[in-house]
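Enquirer: Sharing run.txt (compact mmCIF, C-alpha atoms) below.
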```txt
# COMPACT_ATOMS: atom_id res chain seq x y z
CA MET A 212 118.24 83.24 94.28
CA LYS A 213 121.98 83.12 93.61
CA SER A 214 124.21 80.52 91.99
CA LYS A 215 127.96 80.08 91.47
CA ILE A 216 128.11 81.01 87.79
CA TYR A 217 130.56 83.87 87.19
CA ILE A 218 131.03 85.58 83.85
CA PRO A 219 132.02 89.27 83.76
CA LEU A 220 128.91 90.67 82.06
CA VAL A 221 129.97 94.31 82.44
CA SER A 222 133.36 93.54 80.88
CA PHE A 223 131.58 91.67 78.09
CA LEU A 224 129.48 94.74 77.29
CA LEU A 225 132.55 97.00 77.28
CA ILE A 226 134.29 94.67 74.83
CA LEU A 227 131.23 94.70 72.59
CA GLY A 228 131.38 98.48 72.51
CA MET A 229 135.04 98.39 71.51
CA ILE A 230 134.54 95.96 68.64
CA SER A 231 131.46 97.61 67.15
CA CYS A 232 133.42 99.94 64.85
CA SER A 233 132.06 98.28 61.72
CA ASN A 234 128.53 99.43 62.78
CA ASN A 235 126.23 99.55 59.76
CA GLY A 236 128.75 98.56 57.13
CA THR A 237 130.70 101.81 56.97
CA GLU A 238 134.12 102.63 58.37
CA LYS A 239 133.91 106.42 58.61
CA TYR A 240 132.86 106.53 62.28
CA ASN A 241 134.85 106.02 65.43
CA THR A 242 133.24 103.96 68.14
CA VAL A 243 131.54 105.96 70.88
CA THR A 244 133.49 106.44 74.08
CA GLY A 245 132.47 106.92 77.68
CA LYS A 246 130.64 104.79 80.19
CA ALA A 247 127.00 103.80 79.99
CA GLY A 248 124.82 106.68 81.15
CA GLU A 249 127.44 109.39 80.63
CA MET A 250 126.59 112.60 78.79
CA VAL A 251 128.71 115.57 77.79
CA VAL A 252 126.99 118.96 78.05
CA VAL A 253 128.76 121.63 76.00
CA MET A 254 128.01 124.89 77.81
CA SER A 255 130.06 127.77 79.20
CA LYS A 256 130.84 127.61 82.90
CA ALA A 257 128.95 130.86 83.51
CA LEU A 258 125.75 129.46 81.98
CA TRP A 259 126.29 126.04 83.59
CA ASN A 260 126.31 127.75 86.97
CA SER A 261 123.18 129.80 86.21
CA GLU A 262 119.58 129.02 85.23
CA PRO A 263 120.26 127.18 81.92
CA GLY A 264 122.69 124.79 83.60
CA LYS A 265 120.38 124.31 86.55
CA LEU A 266 117.53 123.36 84.21
CA VAL A 267 119.72 120.88 82.33
CA ARG A 268 120.83 119.25 85.59
CA GLU A 269 117.31 119.08 87.01
CA THR A 270 116.11 117.37 83.83
CA LEU A 271 118.95 115.12 82.67
CA ALA A 272 120.33 114.28 86.11
CA GLN A 273 116.94 113.78 87.78
CA PRO A 274 116.69 110.61 89.88
CA GLN A 275 115.79 107.51 87.91
CA LEU A 276 112.41 106.14 88.84
CA ALA A 277 111.97 103.19 91.19
CA LEU A 278 115.49 102.61 92.43
CA PRO A 279 116.14 101.88 96.10
CA GLN A 280 118.58 104.82 96.28
CA ASP A 281 118.88 108.01 94.21
CA GLU A 282 120.85 107.65 90.99
CA PRO A 283 120.64 110.16 88.12
CA ILE A 284 119.27 109.05 84.78
CA PHE A 285 122.50 110.43 83.26
CA ASP A 286 125.93 111.30 84.63
CA LEU A 287 126.56 114.80 83.28
CA ILE A 288 129.99 116.17 82.35
CA ASN A 289 130.11 119.90 81.64
CA ILE A 290 132.61 120.88 78.94
CA PRO A 291 133.17 124.53 77.87
CA HIS A 292 133.06 125.13 74.13
CA ALA A 293 136.82 125.67 73.79
CA ALA A 294 137.51 122.31 75.41
CA PHE A 295 135.07 120.39 73.19
CA THR A 296 137.74 118.73 71.06
CA ASN A 297 138.18 115.25 69.56
CA VAL A 298 138.56 113.72 73.01
CA PHE A 299 134.96 114.57 73.91
CA GLN A 300 133.37 114.55 70.44
CA SER A 301 133.23 110.75 70.42
CA THR A 302 131.19 110.62 73.65
CA ARG A 303 128.06 108.46 73.39
CA ASN A 304 125.60 111.21 74.43
CA ILE A 305 126.17 114.90 73.74
CA LEU A 306 124.05 117.97 74.47
CA GLN A 307 125.48 120.95 72.56
CA THR A 308 124.39 124.48 73.36
CA ASN A 309 125.00 127.75 71.58
CA ILE A 310 123.54 130.71 73.47
CA SER A 311 124.64 133.92 71.77
CA GLN A 312 123.29 136.98 69.98
CA ASN A 313 125.30 135.71 66.99
CA VAL A 314 122.98 132.72 66.54
CA ASP A 315 121.32 133.00 63.12
CA LYS A 316 118.47 130.52 63.61
CA GLU A 317 117.13 129.51 66.99
CA GLY A 318 115.91 125.98 67.47
CA ILE A 319 116.69 122.42 68.50
CA SER A 320 117.93 119.46 66.46
CA PHE A 321 118.38 115.76 67.12
CA ASN A 322 121.23 114.08 65.25
CA ASP A 323 122.67 110.57 65.29
CA ASP A 324 126.29 109.62 64.68
CA ILE A 325 127.88 113.02 64.01
CA TRP A 326 131.35 112.13 65.30
CA ALA A 327 131.04 108.50 66.36
CA TYR A 328 128.75 105.46 66.23
CA PRO A 329 126.27 104.83 67.76
CA GLN A 330 126.02 108.39 69.05
CA ALA A 331 123.08 110.58 70.14
CA THR A 332 123.44 114.37 69.89
CA VAL A 333 121.05 117.19 70.69
CA ARG A 334 121.91 120.76 69.69
CA ILE A 335 120.08 123.81 71.04
CA MET A 336 120.62 127.23 69.44
CA ALA A 337 119.31 130.32 71.24
CA LYS A 338 120.07 134.04 71.30
CA THR A 339 119.47 134.43 75.02
CA PRO A 340 119.41 132.25 78.16
CA GLU A 341 115.68 132.95 78.40
CA LYS A 342 115.10 131.58 74.90
CA PHE A 343 117.24 128.54 75.70
CA ILE A 344 115.11 127.84 78.75
CA GLU A 345 111.95 128.18 76.65
CA LEU A 346 113.24 125.77 73.98
CA PHE A 347 114.51 123.27 76.53
CA ASN A 348 111.31 123.24 78.56
CA LYS A 349 109.21 122.79 75.44
CA ASN A 350 111.28 119.78 74.34
CA LYS A 351 112.63 118.29 77.55
CA SER A 352 110.46 115.16 77.48
CA LYS A 353 111.56 114.48 73.92
CA ILE A 354 115.21 115.11 74.85
CA VAL A 355 115.11 112.67 77.77
CA SER A 356 113.31 110.02 75.67
CA TYR A 357 115.79 110.42 72.82
CA PHE A 358 118.84 109.83 74.99
CA LEU A 359 117.26 106.98 76.98
CA LYS A 360 116.26 105.22 73.76
CA ALA A 361 119.80 105.62 72.43
CA GLU A 362 121.24 104.01 75.57
CA ARG A 363 118.81 101.09 75.30
CA GLU A 364 119.45 100.56 71.59
CA ARG A 365 123.21 100.39 72.13
CA LEU A 366 122.63 97.50 74.50
CA THR A 367 120.18 95.69 72.23
CA MET A 368 122.67 95.98 69.35
CA SER A 369 125.23 94.25 71.56
CA TYR A 370 122.79 91.49 72.44
CA ASP A 371 121.93 91.03 68.76
CA LYS A 372 125.57 90.14 68.09
CA PHE A 373 126.24 87.87 71.06
CA TYR A 374 123.46 86.21 73.03
CA GLU A 375 122.78 83.11 75.08
CA LYS A 376 121.48 80.62 72.54
CA THR A 377 120.23 78.11 75.11
CA VAL A 378 117.76 80.63 76.54
CA TYR A 379 116.86 81.89 73.06
CA ASN A 380 116.13 78.38 71.75
CA VAL A 381 114.02 77.33 74.75
CA LEU A 382 111.89 80.47 74.50
CA ASN A 383 111.50 79.93 70.77
CA ARG A 384 110.49 76.29 71.18
CA ASP A 385 108.33 76.38 74.30
CA PHE A 386 106.93 79.91 74.45
CA ASN A 387 106.55 80.87 70.77
CA LEU A 388 108.70 83.97 71.24
CA THR A 389 112.34 85.00 71.39
CA MET A 390 114.47 87.18 73.64
CA LYS A 391 118.18 87.90 73.48
CA VAL A 392 120.17 87.94 76.71
CA PRO A 393 123.97 87.98 77.03
CA PRO A 394 126.04 84.79 77.35
CA GLY A 395 126.18 83.56 80.92
CA PHE A 396 122.45 83.51 81.61
CA ILE A 397 121.22 80.11 82.78
CA ILE A 398 117.73 78.67 83.13
CA ALA A 399 116.99 78.42 86.85
CA ASP A 400 113.54 76.86 86.53
CA GLN A 401 110.91 76.12 83.90
CA LYS A 402 107.30 75.00 84.17
CA LYS A 403 104.23 75.25 81.98
CA ASP A 404 103.77 78.91 81.02
CA PHE A 405 106.68 79.93 83.29
CA ILE A 406 110.44 80.26 82.94
CA TRP A 407 113.12 81.91 85.08
CA PHE A 408 116.58 82.63 83.72
CA LYS A 409 119.33 84.55 85.47
CA TYR A 410 122.95 85.62 85.58
CA ASP A 411 124.78 85.51 88.91
CA THR A 412 128.17 86.59 90.17
CA PRO A 413 129.36 86.68 93.78
CA ASP A 414 128.30 90.36 93.88
CA ILE A 415 125.21 90.80 91.69
CA SER A 416 122.28 88.95 90.22
CA GLN A 417 120.25 89.87 87.13
CA GLY A 418 117.25 87.80 86.20
CA ILE A 419 114.16 87.59 84.06
CA ILE A 420 110.98 85.76 85.02
CA LEU A 421 108.65 85.21 82.07
CA TYR A 422 105.11 83.88 82.19
CA ASP A 423 101.87 84.20 80.25
CA PHE A 424 98.16 84.01 80.94
CA PRO A 425 94.93 84.22 78.90
CA TYR A 426 93.85 87.69 77.78
CA VAL A 427 90.30 88.53 78.82
CA SER A 428 90.20 92.33 78.96
CA ASP A 429 92.41 95.42 79.21
CA SER A 430 92.16 95.21 83.00
CA ALA A 431 94.94 92.64 82.70
CA PHE A 432 97.32 95.59 82.21
CA GLN A 433 96.27 97.48 85.32
CA VAL A 434 98.63 97.66 88.30
CA GLY A 435 96.36 95.86 90.74
CA TYR A 436 95.77 92.88 88.47
CA GLN A 437 99.39 92.66 87.35
CA VAL A 438 100.86 92.80 90.86
CA GLY A 439 98.32 90.39 92.35
CA LEU A 440 98.94 87.76 89.68
CA ARG A 441 102.70 88.34 89.74
CA ASP A 442 102.94 87.85 93.50
CA SER A 443 100.99 84.60 93.40
CA ILE A 444 103.37 83.28 90.73
CA LEU A 445 106.49 84.48 92.54
CA LYS A 446 105.38 82.94 95.84
CA ALA A 447 104.82 79.57 94.17
CA ASP A 448 107.83 79.48 91.86
CA VAL A 449 110.64 81.82 93.01
CA PRO A 450 111.87 80.75 96.44
CA GLY A 451 114.27 82.81 98.52
CA PRO A 452 117.48 81.63 100.16
CA THR A 453 115.88 80.46 103.42
CA ASP A 454 113.00 78.14 104.25
CA GLY A 455 109.65 79.88 103.87
CA SER A 456 111.08 82.86 101.97
CA TYR A 457 109.98 83.88 98.49
CA MET A 458 110.16 86.78 96.04
CA THR A 459 107.35 89.34 96.08
CA THR A 460 106.55 92.94 95.19
CA GLU A 461 107.52 95.66 97.67
CA ARG A 462 104.13 97.31 98.13
CA ARG A 463 105.26 100.08 100.45
CA VAL A 464 106.33 102.05 97.36
CA ASN A 465 104.12 102.88 94.39
CA GLN A 466 104.48 100.95 91.17
CA VAL A 467 105.01 103.17 88.10
CA ASN A 468 103.04 101.87 85.12
CA ASN A 469 103.06 103.32 81.59
CA PHE A 470 101.14 102.14 78.54
CA PHE A 471 102.75 102.10 75.09
CA GLU A 472 103.21 99.97 71.99
CA HIS A 473 105.99 97.42 71.72
CA ASN A 474 106.56 95.96 68.26
CA GLY A 475 103.13 97.40 67.41
CA ASN A 476 101.44 95.45 70.23
CA TYR A 477 99.55 96.90 73.19
CA ALA A 478 101.88 96.84 76.18
CA SER A 479 102.71 98.33 79.55
CA LEU A 480 106.01 98.89 81.33
CA MET A 481 105.98 98.81 85.12
CA ARG A 482 108.75 99.82 87.53
CA GLY A 483 109.09 99.32 91.24
CA LEU A 484 110.91 97.41 93.95
CA TRP A 485 110.89 93.72 94.85
CA LYS A 486 111.80 92.00 98.09
CA VAL A 487 112.14 88.52 99.53
CA GLN A 488 109.44 87.83 102.08
CA ASN A 489 110.88 86.48 105.37
CA ASP A 490 114.41 87.49 104.36
CA PHE A 491 116.42 90.64 103.68
CA MET A 492 116.99 90.59 99.91
CA GLY A 493 115.49 93.19 97.57
CA GLY A 494 116.10 95.55 94.69
CA PRO A 495 114.56 97.23 91.64
CA TYR A 496 112.55 95.62 88.86
CA VAL A 497 111.14 96.53 85.46
CA SER A 498 108.27 94.53 83.97
CA LEU A 499 107.04 94.37 80.37
CA ALA A 500 103.50 93.08 79.80
CA GLU A 501 102.59 92.63 76.12
CA LEU A 502 99.44 91.49 74.35
CA ASP A 503 99.81 88.60 71.91
CA ALA A 504 96.48 89.12 70.17
CA SER A 505 96.91 86.19 67.81
CA ASP A 506 97.22 83.71 70.68
CA GLN A 507 94.89 85.69 72.99
CA ARG A 508 97.45 85.81 75.76
CA VAL A 509 99.40 88.35 77.77
CA VAL A 510 103.13 87.72 78.12
CA VAL A 511 104.88 89.24 81.13
CA ALA A 512 108.66 89.51 81.39
CA LEU A 513 109.80 90.67 84.84
CA GLY A 514 113.43 91.77 84.98
CA TYR A 515 115.12 92.29 88.33
CA VAL A 516 118.47 93.26 89.83
CA TYR A 517 120.03 92.27 93.13
CA ALA A 518 123.20 94.23 93.86
CA PRO A 519 123.61 95.10 97.54
CA GLY A 520 125.96 98.00 98.12
CA THR A 521 126.28 98.66 94.38
CA LYS A 522 124.76 101.23 92.04
CA LYS A 523 121.92 99.62 90.15
CA ARG A 524 120.92 102.02 87.35
CA ASN A 525 123.10 100.54 84.62
CA LEU A 526 122.40 96.97 85.71
CA LEU A 527 118.65 97.58 85.50
CA ASN A 528 119.03 99.36 82.15
CA GLN A 529 120.76 96.24 80.84
CA VAL A 530 117.86 94.07 81.93
CA GLU A 531 115.33 96.50 80.45
CA ALA A 532 117.12 96.32 77.08
CA MET A 533 116.81 92.54 77.22
CA LEU A 534 113.05 92.85 77.79
CA TYR A 535 112.75 95.13 74.77
CA SER A 536 114.28 92.39 72.60
CA LEU A 537 111.18 90.22 73.17
CA LYS A 538 109.51 89.26 69.88
CA PHE A 539 106.53 87.02 69.20
CA ASN A 540 107.06 84.33 66.57
CA ASN A 541 103.56 85.04 65.25
CA GLN A 542 104.08 88.80 64.96
CA ALA A 543 102.94 88.80 61.33
CA GLU A 544 99.50 87.62 62.48
CA ASN A 545 99.52 90.21 65.26
CA ASP A 546 100.35 92.93 62.75
CA LYS A 547 97.24 92.05 60.75
CA ILE A 548 95.02 92.08 63.86
CA ASN A 549 96.53 95.35 65.11
CA SER A 550 96.08 96.96 61.70
CA GLN A 551 92.43 95.90 61.52
CA ALA A 552 91.81 97.20 65.06
CA LYS A 553 93.27 100.61 64.16
CA MET A 554 91.16 100.79 61.00
CA GLY A 555 88.07 100.05 63.10
CA ASN A 556 88.81 102.93 65.46
```
Mind turning this structure into structure tokens?
Expert:
Amino acid sequence: MKSKIYIPLVSFLLILGMISCSNNGTEKYNTVTGKAGEMVVVMSKALWNSEPGKLVRETLAQPQLALPQDEPIFDLINIPHAAFTNVFQSTRNILQTNISQNVDKEGISFNDDIWAYPQATVRIMAKTPEKFIELFNKNKSKIVSYFLKAERERLTMSYDKFYEKTVYNVLNRDFNLTMKVPPGFIIADQKKDFIWFKYDTPDISQGIILYDFPYVSDSAFQVGYQVGLRDSILKADVPGPTDGSYMTTERRVNQVNNFFEHNGNYASLMRGLWKVQNDFMGGPYVSLAELDASDQRVVVALGYVYAPGTKKRNLLNQVEAMLYSLKFNNQAENDKINSQAKMGN
């Protein structure tokens, strides 16, 4: 599953972040600083070491789902208010807190690009630690989603600027859809209704396996159906490094499947682990299954990471952002069908 292509993808993404100062046509923002997944939490040391800080850590540094080892969804950096100066104000993700009897109006706000671009900032104002805990608990799902979406959108903005045109053009021509992946991805194999493209270095591998099949019913989005079909395709088309080995789903851990809309289309996002049968390779995956109602098909894009001995959170987040860039060429027709379906409900 590995080749000899080597292009420093992580360095490429860092460079993209550095040159994105022009952002949306204005020059008033600095570029965000910090590594992917980092977050500054502005909170006094006393509160950080008590219940408010514990709640923040349990929520924003909880283990990311479906990784082979524990990694937090965010790397938190606690900064006291007096130390929150220009050096930290350009950080990509910021949680500001103000817990004081001097607070005029309690509440929570979500703000983009206050000090830098593209920046995500949440501010929580509370008179007491108890009120802070109440506000945070009430909004914690929204807070996590807001920051995760911001991380993903930073990556997709990078891919919008620089992407592998060979992969893009083949998907556009042969699969009636597009996806943007960074330069360095190569097509490993292609057959009817199947394509596998990947990026390899001596240390890591990131890949996407895309296939489609006829849509018959919503059961096509259930875990059992998805995994069964996926494993039959992987066994036939994604061989491992030794004779008789092949990629498959690691079934000893539960798959995590969530339904949502992507580009207005019915979709599901599944997470779990993969392995190579009859060998020792494995790692995490994320899979997007999306209904193309106009063509009556389901498109599945399975993104995986192989990085033995290396943290995998950021590598998998990169692949997930690539999956989110998937767009059907006939989306205008899908929009009409989706709109009619909603009117009928």
Enquirer: Here is a test: counting only C-alpha atoms, which residue of A:Thr302, A:Asn348, A:Thr460, A:Thr412 is nearest to A:Ile444?
Expert: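 Closest candidate: A:Thr460.
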Enquirer: Please report, as a Markdown table, each residue of stretch 429-506 of chain A lying at most 12 Å from stretch 368-388 of chain A, together with the nearest pair of atoms and the separation in Å rounded to one decimal; use all atoms listed in the file, and order rows by chain and ascending residue number.
Expert:
```
| residue | atom | partner | partner_atom | distance |
| --- | --- | --- | --- | --- |
| A:Glu501 | CA | A:Leu388 | CA | 11.7 |
| A:Asp503 | CA | A:Leu388 | CA | 10.0 |
| A:Ser505 | CA | A:Asn387 | CA | 11.4 |
| A:Asp506 | CA | A:Asn387 | CA | 9.8 |
```
Enquirer: Would you mind listing what lies within 8 Å of stretch 544-555 of chain A as a list in words, with all atoms listed in the file counted and same-chain residues fewer than 2 positions away left out?
Expert: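 Once the adjacent positions are removed, what remains is Gly475, Asn476, Asp503, Ala504, Ser505, Asn541 and Gln542 of chain A.
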Enquirer: To one decimal place, how far is atom CA of A:Leu527 from atom CA of A:Ser430 in Å?
Expert: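 So the answer is 26.7 Å.
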Enquirer: Ranking A:Val314, A:Leu526, A:Leu271, A:Leu534 by minimum distance to A:Ala247 and counting only C-alpha atoms, which one comes first?
Expert: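 Using only C-alpha atoms, the shortest distance to A:Ala247 belongs to A:Leu526.
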Enquirer: For stretch 281-284 of chain A, find every residue with an atom within 9 Å (counting only C-alpha atoms), except residues of its own chain fewer than 2 positions away, and show them as a JSON list (two decimals) with C-alpha atoms, in the frame of the given file.
Expert:
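Saved the output as selection_38.json:
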```json
[["chain", "number", "residue", "atom", "x", "y", "z"],
["A", 248, "GLY", "CA", 124.82, 106.68, 81.15],
["A", 270, "THR", "CA", 116.11, 117.37, 83.83],
["A", 271, "LEU", "CA", 118.95, 115.12, 82.67],
["A", 272, "ALA", "CA", 120.33, 114.28, 86.11],
["A", 273, "GLN", "CA", 116.94, 113.78, 87.78],
["A", 274, "PRO", "CA", 116.69, 110.61, 89.88],
["A", 275, "GLN", "CA", 115.79, 107.51, 87.91],
["A", 276, "LEU", "CA", 112.41, 106.14, 88.84],
["A", 277, "ALA", "CA", 111.97, 103.19, 91.19],
["A", 278, "LEU", "CA", 115.49, 102.61, 92.43],
["A", 279, "PRO", "CA", 116.14, 101.88, 96.10],
["A", 286, "ASP", "CA", 125.93, 111.30, 84.63],
["A", 287, "LEU", "CA", 126.56, 114.80, 83.28],
["A", 355, "VAL", "CA", 115.11, 112.67, 77.77],
["A", 359, "LEU", "CA", 117.26, 106.98, 76.98],
["A", 522, "LYS", "CA", 124.76, 101.23, 92.04],
["A", 523, "LYS", "CA", 121.92, 99.62, 90.15],
["A", 524, "ARG", "CA", 120.92, 102.02, 87.35]]
```
Enquirer: Which is closer to A:Asp448 than all the others in A:Asn465, A:Gln401, A:Asn297, A:Gln488, using all atoms listed in the file?
Expert: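 Closest to A:Asp448 of all the choices is A:Gln401.
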Enquirer: So which one's closest to A:Met250, A:Glu461, A:Asp423, A:Glu362, A:Asp404? Using all atoms listed in the file, please.
Expert: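 Ranking A:Glu461, A:Asp423, A:Glu362, A:Asp404 by distance to A:Met250, first place goes to A:Glu362.
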Enquirer: Which residues are close to A:Val487, i.e. within 8 Å by only C-alpha atoms, leaving aside same-chain residues fewer than 2 positions away? Reply as an mmCIF file with C-alpha atoms, in the frame of the given file.
Expert:
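Wrote it out as around01.cif, contents follow:
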```cif
data_model
loop_
_atom_site.group_PDB
_atom_site.id
_atom_site.type_symbol
_atom_site.label_atom_id
_atom_site.label_comp_id
_atom_site.auth_asym_id
_atom_site.auth_seq_id
_atom_site.Cartn_x
_atom_site.Cartn_y
_atom_site.Cartn_z
ATOM 1 C CA GLY A 451 114.270 82.810 98.520
ATOM 2 C CA SER A 456 111.080 82.860 101.970
ATOM 3 C CA TYR A 457 109.980 83.880 98.490
ATOM 4 C CA MET A 458 110.160 86.780 96.040
ATOM 5 C CA THR A 459 107.350 89.340 96.080
ATOM 6 C CA TRP A 485 110.890 93.720 94.850
ATOM 7 C CA ASN A 489 110.880 86.480 105.370
ATOM 8 C CA ASP A 490 114.410 87.490 104.360
ATOM 9 C CA PHE A 491 116.420 90.640 103.680
ATOM 10 C CA MET A 492 116.990 90.590 99.910
ATOM 11 C CA GLY A 493 115.490 93.190 97.570
#
```
Enquirer: Go through A:Phe358, A:Phe432, A:Tyr515, A:Tyr328 one by one, measure the shortest atom-to-atom distance of each to A:Val243 using all atoms listed in the file, and give the residue with the smallest value.
Expert: A:Tyr328
Enquirer: Identify the residues around (128.2, 123.9, 79.7) within a radius of 6 Å, measuring from all atoms listed in the file in the coordinates stated by the file, and give them as a list in words.
Expert: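 Within 6 Å of (128.2, 123.9, 79.7), the protein and nucleic acid residues are Val252, Val253, Met254, Ser255, Lys256, Trp259, Asn289, Ile290 and Pro291 of chain A.
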Enquirer: Pick out the residues sitting within 10 Å of A:Ala500, and hand them over as a list of chain:residue names; count only C-alpha atoms, and ignore anything fewer than 4 positions along from it in its own chain.
Expert: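 In the requested form, the answer reads A:Leu421, A:Tyr422, A:Asp423, A:Ala431, A:Phe432, A:Gln437, A:Phe470, A:His473, A:Tyr477, A:Ala478, A:Ser479, A:Leu480, A:Met481, A:Val509, A:Val510, A:Val511, A:Ala512, A:Leu513, A:Leu534.
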Enquirer: Atom CA of A:Thr296 to atom CA of A:Thr339: how many Å, to one decimal?
Expert: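 So the two atoms, atom CA of A:Thr296 and atom CA of A:Thr339, lie 24.4 Å apart.
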Enquirer: Rounded to one decimal place, report the atom CA of A:Ile305-atom CA of A:Pro393 distance in Å.
Expert: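 Computing it gives 27.2 Å between the two atoms.
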Enquirer: Can you tell me, as a ChimeraX atom specification, what residues are no more than 8 Å from stretch 413-418 of chain A when counting all atoms listed in the file, ignoring any on the same chain fewer than 3 positions away?
Expert: /A:213,215,217,407-410,514-519,526,530
Enquirer: Report, as AutoDock Vina command-line options, the centre and edge lengths in Å (one decimal) of the axis-aligned box enclosing every listed atom of stretch 320-338 of chain A, padded by 6 Å on each side.
Expert:
```
--center_x 124.6 --center_y 119.4 --center_z 67.7 --size_x 25.4 --size_y 41.2 --size_z 19.3
```
Enquirer: From the list A:Lys338, A:Lys486, A:His292, A:Arg441, which residue is nearest A:Gln312 when using only C-alpha atoms?
Expert: A:Lys338
